[in-house]
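Shown below: my_file_37.pdb, with PDB, C-alpha atoms, pLDDT in the B column.
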```pdb
MODEL        1
ATOM      1  CA  MET S   7     239.927 182.441  97.235  1.00 61.00           C
ATOM      2  CA  ASN S   8     240.634 180.869 100.626  1.00 69.00           C
ATOM      3  CA  GLY S   9     238.935 181.943 103.826  1.00 66.00           C
ATOM      4  CA  LEU S  10     241.674 182.471 106.399  1.00 64.00           C
ATOM      5  CA  MET S  11     239.600 183.499 109.406  1.00 63.00           C
ATOM      6  CA  MET S  12     240.044 180.113 111.105  1.00 67.00           C
ATOM      7  CA  ASN S  13     243.506 179.353 109.732  1.00 73.00           C
ATOM      8  CA  TYR S  14     244.908 178.233 113.083  1.00 79.00           C
ATOM      9  CA  SER S  15     247.366 175.384 113.438  1.00 88.00           C
ATOM     10  CA  LEU S  16     246.151 172.839 116.005  1.00 92.00           C
ATOM     11  CA  THR S  17     249.449 171.947 117.669  1.00 95.00           C
ATOM     12  CA  LEU S  18     249.883 170.931 121.303  1.00 96.00           C
ATOM     13  CA  ASP S  19     252.011 173.946 122.201  1.00 96.00           C
ATOM     14  CA  LYS S  20     248.944 176.133 121.503  1.00 95.00           C
ATOM     15  CA  MET S  21     246.976 174.227 124.128  1.00 94.00           C
ATOM     16  CA  LEU S  22     249.860 174.601 126.563  1.00 95.00           C
ATOM     17  CA  THR S  23     250.296 178.356 126.115  1.00 96.00           C
ATOM     18  CA  ARG S  24     246.551 178.978 126.276  1.00 95.00           C
ATOM     19  CA  ALA S  25     246.295 177.236 129.643  1.00 95.00           C
ATOM     20  CA  ASN S  26     249.101 179.410 130.996  1.00 97.00           C
ATOM     21  CA  THR S  27     247.465 182.567 129.632  1.00 97.00           C
ATOM     22  CA  VAL S  28     243.800 181.953 130.488  1.00 97.00           C
ATOM     23  CA  PHE S  29     243.892 180.122 133.838  1.00 96.00           C
ATOM     24  CA  PRO S  30     247.470 180.164 135.213  1.00 97.00           C
ATOM     25  CA  SER S  31     246.338 179.895 138.845  1.00 98.00           C
ATOM     26  CA  GLN S  32     244.041 176.901 138.254  1.00 98.00           C
ATOM     27  CA  GLU S  33     245.288 173.759 140.014  1.00 97.00           C
ATOM     28  CA  ILE S  34     246.303 170.461 138.457  1.00 96.00           C
ATOM     29  CA  VAL S  35     245.763 167.618 140.912  1.00 96.00           C
ATOM     30  CA  SER S  36     247.154 164.106 140.469  1.00 92.00           C
ATOM     31  CA  ARG S  37     247.609 161.036 142.631  1.00 89.00           C
ATOM     32  CA  LEU S  38     251.064 159.474 142.723  1.00 87.00           C
ATOM     33  CA  ALA S  39     251.924 155.782 142.833  1.00 83.00           C
ATOM     34  CA  ASP S  40     252.425 155.908 146.610  1.00 84.00           C
ATOM     35  CA  GLY S  41     248.905 157.282 147.076  1.00 88.00           C
ATOM     36  CA  SER S  42     249.953 160.850 147.878  1.00 90.00           C
ATOM     37  CA  ILE S  43     248.360 163.850 146.181  1.00 94.00           C
ATOM     38  CA  HIS S  44     250.364 166.333 144.112  1.00 95.00           C
ATOM     39  CA  ARG S  45     249.072 169.843 143.414  1.00 97.00           C
ATOM     40  CA  TYR S  46     250.444 172.703 141.370  1.00 97.00           C
ATOM     41  CA  THR S  47     249.142 175.415 139.070  1.00 98.00           C
ATOM     42  CA  TYR S  48     249.068 175.608 135.290  1.00 98.00           C
ATOM     43  CA  LYS S  49     251.666 178.373 135.549  1.00 98.00           C
ATOM     44  CA  ASP S  50     253.994 176.022 137.436  1.00 98.00           C
ATOM     45  CA  PHE S  51     253.233 173.296 134.911  1.00 98.00           C
ATOM     46  CA  TYR S  52     254.026 175.623 132.007  1.00 98.00           C
ATOM     47  CA  LYS S  53     257.392 176.638 133.462  1.00 98.00           C
ATOM     48  CA  ARG S  54     258.400 173.023 134.068  1.00 98.00           C
ATOM     49  CA  VAL S  55     257.447 172.052 130.519  1.00 98.00           C
ATOM     50  CA  LEU S  56     259.641 174.869 129.188  1.00 98.00           C
ATOM     51  CA  ARG S  57     262.525 173.658 131.352  1.00 98.00           C
ATOM     52  CA  LEU S  58     262.038 170.080 130.173  1.00 98.00           C
ATOM     53  CA  MET S  59     261.947 171.168 126.538  1.00 98.00           C
ATOM     54  CA  ASN S  60     265.220 173.047 126.925  1.00 98.00           C
ATOM     55  CA  ALA S  61     266.814 170.161 128.824  1.00 98.00           C
ATOM     56  CA  LEU S  62     265.861 167.687 126.102  1.00 98.00           C
ATOM     57  CA  ARG S  63     267.157 169.993 123.408  1.00 97.00           C
ATOM     58  CA  THR S  64     270.480 170.181 125.262  1.00 97.00           C
ATOM     59  CA  LEU S  65     270.570 166.374 125.375  1.00 98.00           C
ATOM     60  CA  GLY S  66     270.297 166.344 121.592  1.00 98.00           C
ATOM     61  CA  VAL S  67     266.628 165.569 121.011  1.00 98.00           C
ATOM     62  CA  LYS S  68     265.701 166.709 117.494  1.00 97.00           C
ATOM     63  CA  PRO S  69     262.461 166.867 115.491  1.00 97.00           C
ATOM     64  CA  GLY S  70     261.385 163.376 114.515  1.00 98.00           C
ATOM     65  CA  ASP S  71     263.264 161.626 117.335  1.00 99.00           C
ATOM     66  CA  ARG S  72     261.264 159.117 119.353  1.00 99.00           C
ATOM     67  CA  VAL S  73     261.247 159.656 123.112  1.00 99.00           C
ATOM     68  CA  ALA S  74     259.532 156.968 125.180  1.00 99.00           C
ATOM     69  CA  THR S  75     257.862 156.820 128.580  1.00 99.00           C
ATOM     70  CA  PHE S  76     257.454 153.845 130.895  1.00 98.00           C
ATOM     71  CA  ALA S  77     255.477 155.485 133.636  1.00 97.00           C
ATOM     72  CA  TRP S  78     252.302 155.863 135.644  1.00 94.00           C
ATOM     73  CA  ASN S  79     249.677 158.490 134.872  1.00 93.00           C
ATOM     74  CA  ASN S  80     250.844 161.522 136.880  1.00 93.00           C
ATOM     75  CA  TYR S  81     251.933 165.149 136.581  1.00 96.00           C
ATOM     76  CA  ARG S  82     255.447 164.382 135.340  1.00 97.00           C
ATOM     77  CA  HIS S  83     254.056 162.187 132.586  1.00 97.00           C
ATOM     78  CA  MET S  84     251.828 165.082 131.498  1.00 97.00           C
ATOM     79  CA  GLU S  85     254.837 167.411 131.392  1.00 98.00           C
ATOM     80  CA  ILE S  86     256.576 164.990 129.041  1.00 99.00           C
ATOM     81  CA  TYR S  87     253.362 164.661 127.024  1.00 97.00           C
ATOM     82  CA  PHE S  88     253.635 168.340 126.061  1.00 98.00           C
ATOM     83  CA  ALA S  89     257.403 168.922 126.090  1.00 98.00           C
ATOM     84  CA  VAL S  90     258.379 166.174 123.651  1.00 98.00           C
ATOM     85  CA  PRO S  91     255.872 166.990 120.861  1.00 98.00           C
ATOM     86  CA  ALA S  92     256.549 170.734 121.274  1.00 97.00           C
ATOM     87  CA  LEU S  93     260.124 170.002 120.163  1.00 98.00           C
ATOM     88  CA  GLY S  94     258.833 168.296 117.031  1.00 98.00           C
ATOM     89  CA  ALA S  95     259.840 164.935 118.504  1.00 98.00           C
ATOM     90  CA  VAL S  96     257.466 161.993 118.911  1.00 99.00           C
ATOM     91  CA  LEU S  97     256.225 160.826 122.304  1.00 99.00           C
ATOM     92  CA  HIS S  98     256.148 157.029 122.481  1.00 99.00           C
ATOM     93  CA  THR S  99     254.096 155.823 125.451  1.00 98.00           C
ATOM     94  CA  LEU S 100     255.130 152.272 126.334  1.00 98.00           C
ATOM     95  CA  ASN S 101     252.547 149.979 127.896  1.00 95.00           C
ATOM     96  CA  ILE S 102     253.836 149.040 131.365  1.00 95.00           C
ATOM     97  CA  LYS S 103     251.965 145.710 131.190  1.00 94.00           C
ATOM     98  CA  LEU S 104     253.699 144.402 128.080  1.00 92.00           C
ATOM     99  CA  PHE S 105     255.641 141.140 128.083  1.00 92.00           C
ATOM    100  CA  PRO S 106     259.453 141.602 128.013  1.00 96.00           C
ATOM    101  CA  GLU S 107     259.833 140.320 124.454  1.00 95.00           C
ATOM    102  CA  SER S 108     257.169 142.759 123.244  1.00 94.00           C
ATOM    103  CA  LEU S 109     258.891 145.669 124.975  1.00 96.00           C
ATOM    104  CA  THR S 110     262.191 144.785 123.338  1.00 98.00           C
ATOM    105  CA  TYR S 111     260.618 144.549 119.895  1.00 97.00           C
ATOM    106  CA  ILE S 112     258.662 147.803 120.235  1.00 98.00           C
ATOM    107  CA  VAL S 113     261.535 149.910 121.628  1.00 98.00           C
ATOM    108  CA  ASN S 114     263.858 148.702 118.874  1.00 98.00           C
ATOM    109  CA  HIS S 115     261.273 149.050 116.118  1.00 98.00           C
ATOM    110  CA  ALA S 116     260.440 152.609 117.211  1.00 98.00           C
ATOM    111  CA  GLU S 117     264.157 153.402 117.577  1.00 98.00           C
ATOM    112  CA  ASP S 118     263.569 155.191 120.866  1.00 99.00           C
ATOM    113  CA  LYS S 119     266.384 157.585 121.814  1.00 99.00           C
ATOM    114  CA  PHE S 120     265.515 158.204 125.474  1.00 99.00           C
ATOM    115  CA  ILE S 121     263.133 156.537 127.907  1.00 99.00           C
ATOM    116  CA  PHE S 122     261.538 158.278 130.884  1.00 99.00           C
ATOM    117  CA  VAL S 123     260.781 155.757 133.609  1.00 98.00           C
ATOM    118  CA  ASP S 124     259.198 155.965 137.048  1.00 96.00           C
ATOM    119  CA  LYS S 125     261.484 154.663 139.791  1.00 94.00           C
ATOM    120  CA  SER S 126     258.895 152.051 140.804  1.00 93.00           C
ATOM    121  CA  LEU S 127     259.069 150.652 137.244  1.00 95.00           C
ATOM    122  CA  VAL S 128     262.849 150.619 136.807  1.00 97.00           C
ATOM    123  CA  LYS S 129     263.351 146.928 137.591  1.00 96.00           C
ATOM    124  CA  PRO S 130     261.472 145.347 134.635  1.00 96.00           C
ATOM    125  CA  LEU S 131     262.932 147.852 132.177  1.00 97.00           C
ATOM    126  CA  ALA S 132     266.508 147.726 133.495  1.00 98.00           C
ATOM    127  CA  ALA S 133     266.446 143.950 133.071  1.00 97.00           C
ATOM    128  CA  LEU S 134     265.989 144.521 129.320  1.00 98.00           C
ATOM    129  CA  GLN S 135     268.461 147.368 128.772  1.00 98.00           C
ATOM    130  CA  ASP S 136     271.014 145.207 126.944  1.00 98.00           C
ATOM    131  CA  THR S 137     268.358 144.264 124.367  1.00 98.00           C
ATOM    132  CA  PHE S 138     267.617 147.880 123.404  1.00 99.00           C
ATOM    133  CA  LYS S 139     269.671 148.938 120.373  1.00 98.00           C
ATOM    134  CA  THR S 140     269.024 152.678 120.095  1.00 98.00           C
ATOM    135  CA  VAL S 141     268.376 153.960 123.632  1.00 99.00           C
ATOM    136  CA  GLU S 142     271.064 156.474 124.652  1.00 98.00           C
ATOM    137  CA  ASN S 143     269.947 157.144 128.204  1.00 98.00           C
ATOM    138  CA  TYR S 144     267.198 156.667 130.776  1.00 98.00           C
ATOM    139  CA  ILE S 145     265.612 159.494 132.748  1.00 98.00           C
ATOM    140  CA  ILE S 146     264.340 158.369 136.140  1.00 97.00           C
ATOM    141  CA  MET S 147     261.382 160.019 137.832  1.00 96.00           C
ATOM    142  CA  ASP S 148     261.520 159.496 141.588  1.00 89.00           C
ATOM    143  CA  ASP S 149     258.063 158.402 142.773  1.00 84.00           C
ATOM    144  CA  LYS S 150     259.366 157.583 146.278  1.00 82.00           C
ATOM    145  CA  ALA S 151     259.645 153.863 145.556  1.00 78.00           C
ATOM    146  CA  ALA S 152     262.357 151.725 147.139  1.00 82.00           C
ATOM    147  CA  GLU S 153     265.674 151.446 145.321  1.00 84.00           C
ATOM    148  CA  PRO S 154     265.388 148.689 142.678  1.00 86.00           C
ATOM    149  CA  ASP S 155     267.870 145.831 142.883  1.00 85.00           C
ATOM    150  CA  ILE S 156     268.607 146.226 139.171  1.00 89.00           C
ATOM    151  CA  GLN S 157     269.919 149.586 137.920  1.00 93.00           C
ATOM    152  CA  PHE S 158     270.502 151.139 134.518  1.00 97.00           C
ATOM    153  CA  LYS S 159     274.117 151.335 133.401  1.00 96.00           C
ATOM    154  CA  THR S 160     273.557 155.023 132.711  1.00 96.00           C
ATOM    155  CA  SER S 161     270.708 157.280 133.791  1.00 97.00           C
ATOM    156  CA  LEU S 162     269.704 160.856 134.550  1.00 98.00           C
ATOM    157  CA  ASP S 163     267.454 162.278 137.246  1.00 97.00           C
ATOM    158  CA  TYR S 164     264.296 164.008 136.024  1.00 98.00           C
ATOM    159  CA  GLU S 165     264.203 166.728 138.674  1.00 97.00           C
ATOM    160  CA  ASN S 166     267.886 167.522 138.203  1.00 97.00           C
ATOM    161  CA  LEU S 167     267.249 168.019 134.487  1.00 97.00           C
ATOM    162  CA  ILE S 168     264.349 170.341 135.248  1.00 97.00           C
ATOM    163  CA  ASN S 169     266.249 172.355 137.853  1.00 97.00           C
ATOM    164  CA  GLN S 170     269.341 172.840 135.704  1.00 97.00           C
ATOM    165  CA  ALA S 171     267.450 174.047 132.615  1.00 98.00           C
ATOM    166  CA  ASP S 172     266.096 177.540 131.953  1.00 95.00           C
ATOM    167  CA  GLU S 173     262.557 178.725 131.251  1.00 95.00           C
ATOM    168  CA  THR S 174     263.228 180.300 127.851  1.00 94.00           C
ATOM    169  CA  GLU S 175     260.249 180.011 125.508  1.00 93.00           C
ATOM    170  CA  SER S 176     261.696 178.251 122.489  1.00 87.00           C
ATOM    171  CA  PHE S 177     258.735 176.855 120.586  1.00 94.00           C
ATOM    172  CA  ILE S 178     259.335 175.982 116.954  1.00 94.00           C
ATOM    173  CA  GLU S 179     256.798 176.408 114.158  1.00 94.00           C
ATOM    174  CA  LEU S 180     255.137 173.053 113.537  1.00 96.00           C
ATOM    175  CA  ASP S 181     252.655 171.836 110.969  1.00 95.00           C
ATOM    176  CA  GLU S 182     249.580 170.438 112.701  1.00 96.00           C
ATOM    177  CA  ASN S 183     250.009 167.190 110.769  1.00 97.00           C
ATOM    178  CA  THR S 184     253.447 166.602 112.297  1.00 97.00           C
ATOM    179  CA  ALA S 185     253.635 163.345 114.248  1.00 98.00           C
ATOM    180  CA  ALA S 186     253.256 163.958 117.983  1.00 98.00           C
ATOM    181  CA  GLY S 187     252.508 160.570 119.531  1.00 98.00           C
ATOM    182  CA  LEU S 188     253.232 156.911 118.882  1.00 98.00           C
ATOM    183  CA  CYS S 189     251.451 153.856 120.223  1.00 96.00           C
ATOM    184  CA  TYR S 190     251.681 150.194 119.272  1.00 96.00           C
ATOM    185  CA  THR S 191     248.964 147.629 118.733  1.00 89.00           C
ATOM    186  CA  SER S 192     248.770 144.563 120.959  1.00 80.00           C
ATOM    187  CA  GLY S 193     250.206 142.332 118.253  1.00 70.00           C
ATOM    188  CA  THR S 194     247.340 139.834 118.294  1.00 75.00           C
ATOM    189  CA  THR S 195     248.051 138.630 114.749  1.00 79.00           C
ATOM    190  CA  GLY S 196     251.804 139.075 114.489  1.00 83.00           C
ATOM    191  CA  GLU S 197     254.266 141.652 115.774  1.00 88.00           C
ATOM    192  CA  PRO S 198     252.856 144.896 117.270  1.00 90.00           C
ATOM    193  CA  LYS S 199     252.416 147.684 114.735  1.00 92.00           C
ATOM    194  CA  GLY S 200     253.059 151.372 115.333  1.00 95.00           C
ATOM    195  CA  ALA S 201     250.262 153.929 115.018  1.00 95.00           C
ATOM    196  CA  LEU S 202     251.273 157.584 114.714  1.00 96.00           C
ATOM    197  CA  TYR S 203     249.083 160.420 115.973  1.00 97.00           C
ATOM    198  CA  SER S 204     249.444 163.958 114.641  1.00 97.00           C
ATOM    199  CA  HIS S 205     249.303 167.148 116.692  1.00 97.00           C
ATOM    200  CA  ARG S 206     245.930 167.860 115.107  1.00 95.00           C
ATOM    201  CA  SER S 207     244.443 164.484 116.021  1.00 95.00           C
ATOM    202  CA  MET S 208     245.678 164.674 119.634  1.00 94.00           C
ATOM    203  CA  PHE S 209     244.447 168.260 119.969  1.00 93.00           C
ATOM    204  CA  LEU S 210     240.969 167.399 118.673  1.00 92.00           C
ATOM    205  CA  HIS S 211     240.798 164.253 120.802  1.00 91.00           C
ATOM    206  CA  ALA S 212     241.578 166.287 123.926  1.00 90.00           C
ATOM    207  CA  VAL S 213     238.969 168.910 123.030  1.00 84.00           C
ATOM    208  CA  GLY S 214     236.428 166.209 122.266  1.00 88.00           C
ATOM    209  CA  ILE S 215     236.578 164.607 125.713  1.00 84.00           C
ATOM    210  CA  VAL S 216     236.424 167.841 127.729  1.00 73.00           C
TER     211      VAL S 216
ENDMDL
END
```
Starting from the coordinates I provided, produce the structure as structure tokens.
Amino acid sequence: MNGLMMNYSLTLDKMLTRANTVFPSQEIVSRLADGSIHRYTYKDFYKRVLRLMNALRTLGVKPGDRVATFAWNNYRHMEIYFAVPALGAVLHTLNIKLFPESLTYIVNHAEDKFIFVDKSLVKPLAALQDTFKTVENYIIMDDKAAEPDIQFKTSLDYENLINQADETESFIELDENTAAGLCYTSGTTGEPKGALYSHRSMFLHAVGIV
């Protein structure tokens, strides 16, 4: 006989919906790369994550696909952090301090389909775009930086994606052991190696540091 009282799947969408239900008016505050402060509520955050999920689904992101970020730690990055895993896809956070050859190896090894990139970080990534074998498009997040002198051959604007998508709740049922995040080792003794994190492990890690 199994006790089912605590049979609750620890997936990141549960954390997202709880925040919207319990404290929707609570503020999220983050500092942007230009030093300015951004504020919005968990309700606003929730709606934007829904829009991003639906936009990514329209672009063809499917469960198991790897979607990368090359970005600073800010509110848009957090939106991606929830939207991508909620689709059953895997969020691959690229280290912005990696050497070019390491970035090329990691993006190709992970078979990233899309890369979200802050405008202030476009230049080093755009210089490598011809070395990436699986990337279909780049989604640029405007952090008020100057226009880079190197551009992507094809790209989308983050805010346009958000604004054109709807807020339909379209969560899929996920096992808590489904891969949610992907990071790579530093490659000290050979090529960098991928380390997958499940929804459960990321959920418990977040709870553990609160």
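In terms of minimum interatomic distance to Glu182 in chain S, S:Arg206 ranks closest within S:His115, S:Lys159, S:Arg206, S:Lys199, counting only C-alpha atoms.
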May I have the centre and edge lengths, in Å to one decimal, of an axis-aligned box around the listed atoms of range 44-48 of chain S with 8 Å added to every side, as lines of an AutoDock Vina configuration file?
```
center_x = 249.8
center_y = 171.0
center_z = 139.7
size_x = 17.4
size_y = 25.3
size_z = 24.8
```
| Around (258.6, 163.3, 125.6) in the file's own coordinates, what residues are found within 12 Å if you use only C-alpha atoms, given back as a PyMOL selection string? | chain S and resi 55+58-63+67-77+82-100+118-123+145+164+186-188
| Residue among S:Asp155, S:Asp19, S:Asp136, S:Asp50 lying closest to Ser176 in chain S, counting all atoms listed in the file | S:Asp19
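Across the model, the gap from CA of Asp124 in chain S to CA of Asp149 in chain S is 6.3 Å.
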| request: Rank S:Thr140, S:Ser36, S:Thr194, S:Asn101 by their smallest atom-to-atom distance to Ala116 in chain S, using all atoms listed in the file, and report the top residue only. | output: S:Thr140
Selected by the PyMOL selection byres ((chain S and resi 21-33) around 8) in the shown coordinates: which residues, as a short mmCIF file (atom, residue, chain, number, x, y, z; two decimals) with C-alpha atoms, in the coordinates of the input?
```cif
data_model
loop_
_atom_site.label_atom_id
_atom_site.label_comp_id
_atom_site.auth_asym_id
_atom_site.auth_seq_id
_atom_site.Cartn_x
_atom_site.Cartn_y
_atom_site.Cartn_z
CA THR S 17 249.45 171.95 117.67
CA LEU S 18 249.88 170.93 121.30
CA ASP S 19 252.01 173.95 122.20
CA LYS S 20 248.94 176.13 121.50
CA ILE S 34 246.30 170.46 138.46
CA VAL S 35 245.76 167.62 140.91
CA ARG S 45 249.07 169.84 143.41
CA TYR S 46 250.44 172.70 141.37
CA THR S 47 249.14 175.42 139.07
CA TYR S 48 249.07 175.61 135.29
CA LYS S 49 251.67 178.37 135.55
CA TYR S 52 254.03 175.62 132.01
CA PHE S 88 253.64 168.34 126.06
CA PHE S 209 244.45 168.26 119.97
#
```
